[in-house]
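To start, the structure under review is shown below, and the notes come after it.
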Amino acid sequence: MPFERAVQDYLRHIAIERGLSQHTLSAYRRDLAAFGDWVGTQPVVDSAGADRAGGAAVLEDVGRLARADLAGFVQHLATRPEGPLAPRSIARMLSSVRSFSAFAAAEGWLPLDPGASVRPPKAPMRLPKAISVHDMERLLGAVVGDEPAQLRDRALLELLYATGARVSEAVGLSVDDVTTLSDVDGAPDEDTDVSVVRVTGKGNKQRIVPLGSYARAAVDAYLVRARPVFAARGTGTPALFLGSRGARLSRQSAWLVIQAAAERAGLAAHVSPHTFRHSFATHLLEGGADVRVVQELLGHASVATTQIYTLVTADMLRDVYQTAHPRARR
């Protein structure tokens with residue numbers, strides 16, 4: 001099986017079986033293309049055993065893929081002449097290649113999975129960057145006015161902080177995704193004013209996230225007074241957030257909205273699109289939320305991913321304790 005054909009079969013498989021987004025598929029495609037470009041330049045080593053390196057022969061027959069190829073690729077990424085990649089970037093690229101090699105073994109193109117024992121370099125733990133509640137209020141308050149773009153931008157920022165949604169998830173929302181509990185479960189609810197958002201995350205997995213009163217008011221103002229203005233300029237789309245030409249707002253445009261608000265609030269050096277998600281999780285935990293509830297709200301498959309936010313909260317508690325307790329320090 002030629003390498004390129006095997007890659008196409010693999011990408012088709014994960015697109016259908018796992019329902020990955022085009023953005024994720026493009027990332028897998030780029031990683032595997034980079035691996036193919038590198039392995040094609042390597043000499044062919046015909047020594048026996050599972051550690052032999054297939055080199056350019058791998059491009060002709062993926063059955064020649066060996067552990068040494070994957071391990072060598074990791075080493076190459078860490079020592080590239082044009083600049084080594086960070087451990088997290090190497091881990092992501094290796095994950096793509098390992099997933100491909102596991103698929104090739106499952107298809108019978110390889111006798112064994114050569115990537116099963118290849119490990120990425122250990123990445124240093126980086127705590128999520130969240131801003132304080134006060135700074136978040138400054139950021140949200142930096143978007144004011146009654147112009148359509150201002151109403152849309154305020155609704156977008158309020159929704160990001162209220163739901164912890166990724167920017168890609170927020171711009172992927174449709175109008176019908178903002179609803180009430182009674183609409184979701186199909187049964188009457190004692191409080192039908194409880195608003196929720198149906199968020200579609202990675203792998204097309206959906207989760208229901210409550211929408212606070214501030215965010216709902218901002219979204220309602222946008223839907224009534226601004227979205228019709230944008231919609232009139234387009235050909236019709238169910239997208240919740242629209243750009244100036246009436247089409248779905250892009251991730252890049254949403255990023256510009258965030259950066260502009262951060263600059264006006266004097267927080268440009270501390271805010272990225274993911275800041276809203278990190279702050280959402282950190283502020284919930286600081287307020288006493290259970291980590292498993294936060295896991296569900298963020299759409300994490302494992303609670304271990306969410307637990308990194310507890311380190312942020314523990315760090316804050318330690319600082320407060322050392323500052324406030326009379327016998328915390330000598």
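The way I read the labels, and the way they are meant: chains A, B, ... in the order of the structure tokens, residue 1 as the first residue of every chain, and ligand 1 as the first ligand shown, with later ones counted on from there.
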inquiry  = List the spatial neighbours of A:Arg98 as a list in words - criterion: any atom at most 8 Å away, only C-alpha atoms, same-chain residues fewer than 5 positions off excluded.
reply    = Leu70, Gly115 and Ala116 of chain A
task = Give me the residues within 9 Å of A:His274 as a PyMOL selection string, counting only C-alpha atoms and dropping any in the same chain fewer than 2 places off.
result = chain A and resi 128-130+164-167+271-272+276-279
inquiry  = Residues near stretch 288-291 of chain A, anyone? I mean within 9 Å using only C-alpha atoms, not counting same-chain ones fewer than 5 positions away, as an MDAnalysis selection string.
reply    = chainID A and resid 281 283 296 303 306:307 309:310
Same residues, N, CA and C atoms, output as a PDB file, in the first residue's frame:
ATOM      1  N   ALA A 281     -13.586  28.659  33.506  1.00  0.00           N
ATOM      2  CA  ALA A 281     -13.343  27.492  34.350  1.00  0.00           C
ATOM      3  C   ALA A 281     -12.746  27.895  35.698  1.00  0.00           C
ATOM      4  N   HIS A 283     -12.887  30.783  37.327  1.00  0.00           N
ATOM      5  CA  HIS A 283     -13.812  31.541  38.178  1.00  0.00           C
ATOM      6  C   HIS A 283     -14.896  30.633  38.753  1.00  0.00           C
ATOM      7  N   GLU A 296     -18.066  18.871  32.513  1.00  0.00           N
ATOM      8  CA  GLU A 296     -19.209  18.751  31.609  1.00  0.00           C
ATOM      9  C   GLU A 296     -19.449  20.054  30.850  1.00  0.00           C
ATOM     10  N   VAL A 303     -11.789  14.058  33.115  1.00  0.00           N
ATOM     11  CA  VAL A 303     -11.697  15.032  34.201  1.00  0.00           C
ATOM     12  C   VAL A 303     -10.251  15.439  34.440  1.00  0.00           C
ATOM     13  N   THR A 306      -9.545  18.736  33.000  1.00  0.00           N
ATOM     14  CA  THR A 306     -10.134  19.848  33.744  1.00  0.00           C
ATOM     15  C   THR A 306      -9.369  20.128  35.023  1.00  0.00           C
ATOM     16  N   GLN A 307      -8.738  19.101  35.593  1.00  0.00           N
ATOM     17  CA  GLN A 307      -8.110  19.257  36.897  1.00  0.00           C
ATOM     18  C   GLN A 307      -6.938  20.216  36.898  1.00  0.00           C
ATOM     19  N   TYR A 309      -7.089  23.141  36.067  1.00  0.00           N
ATOM     20  CA  TYR A 309      -7.609  24.415  36.576  1.00  0.00           C
ATOM     21  C   TYR A 309      -7.624  24.432  38.102  1.00  0.00           C
ATOM     22  N   THR A 310      -7.692  23.270  38.716  1.00  0.00           N
ATOM     23  CA  THR A 310      -7.675  23.243  40.178  1.00  0.00           C
ATOM     24  C   THR A 310      -6.321  23.674  40.705  1.00  0.00           C
TER      25      THR A 310
END
query = Closest to A:Trp255 among A:Leu156, A:Arg216, A:Gln206, A:Ala221, using only C-alpha atoms?
reply = A:Leu156
key: Who sits within 8 Å of stretch 131-144 of chain A, only C-alpha atoms, same chain under 4 positions skipped, as a ChimeraX atom specification   = /A:150-151,153-154,157-158,261-262,264-265,267,270-271,275,279,283
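Atom pair atom CA of A:Ala57 / atom CA of A:Thr41 has a distance of 10.0 Å (rounded to one decimal).
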Can you tell me which residues surround A:Ile14 at a distance of at most 12 Å, considering only C-alpha atoms, apart from same-chain residues fewer than 5 positions away, and format the answer as a compact mmCIF listing (two decimals) with all heavy atoms, in the first residue's frame?
# COMPACT_ATOMS: atom_id res chain seq x y z
N VAL A 7 -2.63 7.28 3.52
CA VAL A 7 -3.00 8.51 4.23
C VAL A 7 -4.40 8.95 3.83
O VAL A 7 -5.22 9.33 4.68
CB VAL A 7 -1.98 9.63 3.96
CG1 VAL A 7 -2.51 10.98 4.44
CG2 VAL A 7 -0.66 9.31 4.63
N GLN A 8 -4.71 8.90 2.55
CA GLN A 8 -6.04 9.29 2.09
C GLN A 8 -7.11 8.38 2.67
O GLN A 8 -8.19 8.86 3.08
CB GLN A 8 -6.10 9.27 0.55
CG GLN A 8 -5.21 10.31 -0.12
CD GLN A 8 -5.53 11.73 0.35
OE1 GLN A 8 -6.69 12.11 0.50
NE2 GLN A 8 -4.47 12.50 0.59
N ASP A 9 -6.83 7.09 2.73
CA ASP A 9 -7.79 6.15 3.33
C ASP A 9 -7.98 6.46 4.81
O ASP A 9 -9.10 6.39 5.34
CB ASP A 9 -7.31 4.71 3.15
CG ASP A 9 -7.48 4.20 1.73
OD1 ASP A 9 -8.07 4.94 0.90
OD2 ASP A 9 -7.02 3.08 1.45
N GLY A 19 -16.14 11.79 12.78
CA GLY A 19 -16.85 13.04 12.56
C GLY A 19 -16.03 14.27 12.88
O GLY A 19 -16.56 15.26 13.40
N LEU A 20 -14.73 14.26 12.58
CA LEU A 20 -13.87 15.39 12.91
C LEU A 20 -14.15 16.57 11.98
O LEU A 20 -14.59 16.41 10.85
CB LEU A 20 -12.40 14.98 12.79
CG LEU A 20 -11.95 13.83 13.70
CD1 LEU A 20 -10.47 13.55 13.50
CD2 LEU A 20 -12.23 14.16 15.16
N SER A 21 -13.88 17.76 12.49
CA SER A 21 -14.11 18.97 11.70
C SER A 21 -13.08 19.09 10.59
O SER A 21 -12.02 18.45 10.62
CB SER A 21 -14.02 20.20 12.61
OG SER A 21 -12.69 20.39 13.06
N GLN A 22 -13.36 19.94 9.61
CA GLN A 22 -12.42 20.17 8.52
C GLN A 22 -11.12 20.76 9.05
O GLN A 22 -10.04 20.49 8.53
CB GLN A 22 -13.05 21.09 7.47
CG GLN A 22 -14.09 20.41 6.60
CD GLN A 22 -13.52 19.23 5.83
OE1 GLN A 22 -12.43 19.30 5.26
NE2 GLN A 22 -14.26 18.12 5.82
N THR A 24 -9.71 20.15 11.96
CA THR A 24 -8.93 19.06 12.55
C THR A 24 -8.36 18.15 11.47
O THR A 24 -7.20 17.73 11.55
CB THR A 24 -9.80 18.24 13.53
OG1 THR A 24 -10.33 19.12 14.53
CG2 THR A 24 -8.99 17.15 14.20
N LEU A 25 -9.16 17.85 10.47
CA LEU A 25 -8.68 17.02 9.36
C LEU A 25 -7.50 17.68 8.65
O LEU A 25 -6.54 17.01 8.27
CB LEU A 25 -9.81 16.76 8.37
CG LEU A 25 -10.90 15.79 8.82
CD1 LEU A 25 -12.04 15.79 7.79
CD2 LEU A 25 -10.34 14.39 8.99
N SER A 26 -7.57 18.99 8.48
CA SER A 26 -6.46 19.72 7.84
C SER A 26 -5.19 19.61 8.66
O SER A 26 -4.09 19.48 8.11
CB SER A 26 -6.85 21.19 7.64
OG SER A 26 -7.93 21.31 6.75
N TYR A 28 -4.37 17.08 10.70
CA TYR A 28 -3.86 15.72 10.50
C TYR A 28 -3.17 15.62 9.14
O TYR A 28 -2.10 15.01 9.03
CB TYR A 28 -5.00 14.70 10.56
CG TYR A 28 -5.36 14.23 11.95
CD1 TYR A 28 -6.40 14.82 12.66
CD2 TYR A 28 -4.66 13.18 12.53
CE1 TYR A 28 -6.72 14.38 13.94
CE2 TYR A 28 -4.98 12.73 13.81
CZ TYR A 28 -6.02 13.34 14.50
OH TYR A 28 -6.33 12.90 15.76
N ARG A 29 -3.77 16.20 8.13
CA ARG A 29 -3.20 16.13 6.78
C ARG A 29 -1.84 16.81 6.73
O ARG A 29 -0.89 16.29 6.13
CB ARG A 29 -4.17 16.78 5.78
CG ARG A 29 -3.72 16.63 4.32
CD ARG A 29 -4.73 17.22 3.36
NE ARG A 29 -5.97 16.46 3.35
CZ ARG A 29 -7.12 16.88 3.88
NH1 ARG A 29 -7.18 18.06 4.48
NH2 ARG A 29 -8.21 16.15 3.81
N SER A 96 -0.59 12.52 15.56
CA SER A 96 -1.17 12.28 14.23
C SER A 96 -0.54 11.07 13.57
O SER A 96 -1.24 10.22 12.99
CB SER A 96 -0.98 13.52 13.36
OG SER A 96 -1.63 14.64 13.90
N SER A 99 -1.51 7.79 15.36
CA SER A 99 -2.88 7.40 15.03
C SER A 99 -2.93 6.75 13.65
O SER A 99 -3.64 5.76 13.43
CB SER A 99 -3.78 8.63 15.09
OG SER A 99 -5.11 8.30 14.75
N PHE A 100 -2.17 7.31 12.73
CA PHE A 100 -2.10 6.74 11.38
C PHE A 100 -1.48 5.35 11.40
O PHE A 100 -1.98 4.43 10.73
CB PHE A 100 -1.30 7.67 10.47
CG PHE A 100 -0.92 7.06 9.15
CD1 PHE A 100 -1.88 6.83 8.17
CD2 PHE A 100 0.40 6.71 8.89
CE1 PHE A 100 -1.53 6.26 6.95
CE2 PHE A 100 0.75 6.14 7.69
CZ PHE A 100 -0.21 5.91 6.71
N PHE A 103 -3.87 2.80 12.63
CA PHE A 103 -4.86 2.49 11.60
C PHE A 103 -4.26 1.53 10.58
O PHE A 103 -4.91 0.56 10.15
CB PHE A 103 -5.32 3.79 10.94
CG PHE A 103 -6.19 3.59 9.73
CD1 PHE A 103 -7.53 3.25 9.86
CD2 PHE A 103 -5.66 3.75 8.45
CE1 PHE A 103 -8.33 3.07 8.74
CE2 PHE A 103 -6.47 3.59 7.33
CZ PHE A 103 -7.80 3.24 7.47
N GLY A 203 -15.36 16.43 17.71
CA GLY A 203 -16.01 15.17 17.39
C GLY A 203 -17.51 15.28 17.25
O GLY A 203 -18.23 14.30 17.35
ask   = So which residues touch A:Leu94 within 12 Å, counting only C-alpha atoms, skipping near sequence neighbours fewer than 4 positions away, as a ChimeraX atom specification?
value = /A:27-28,30-32,34-35,67,69-78,85,87-90,98-101,115-121
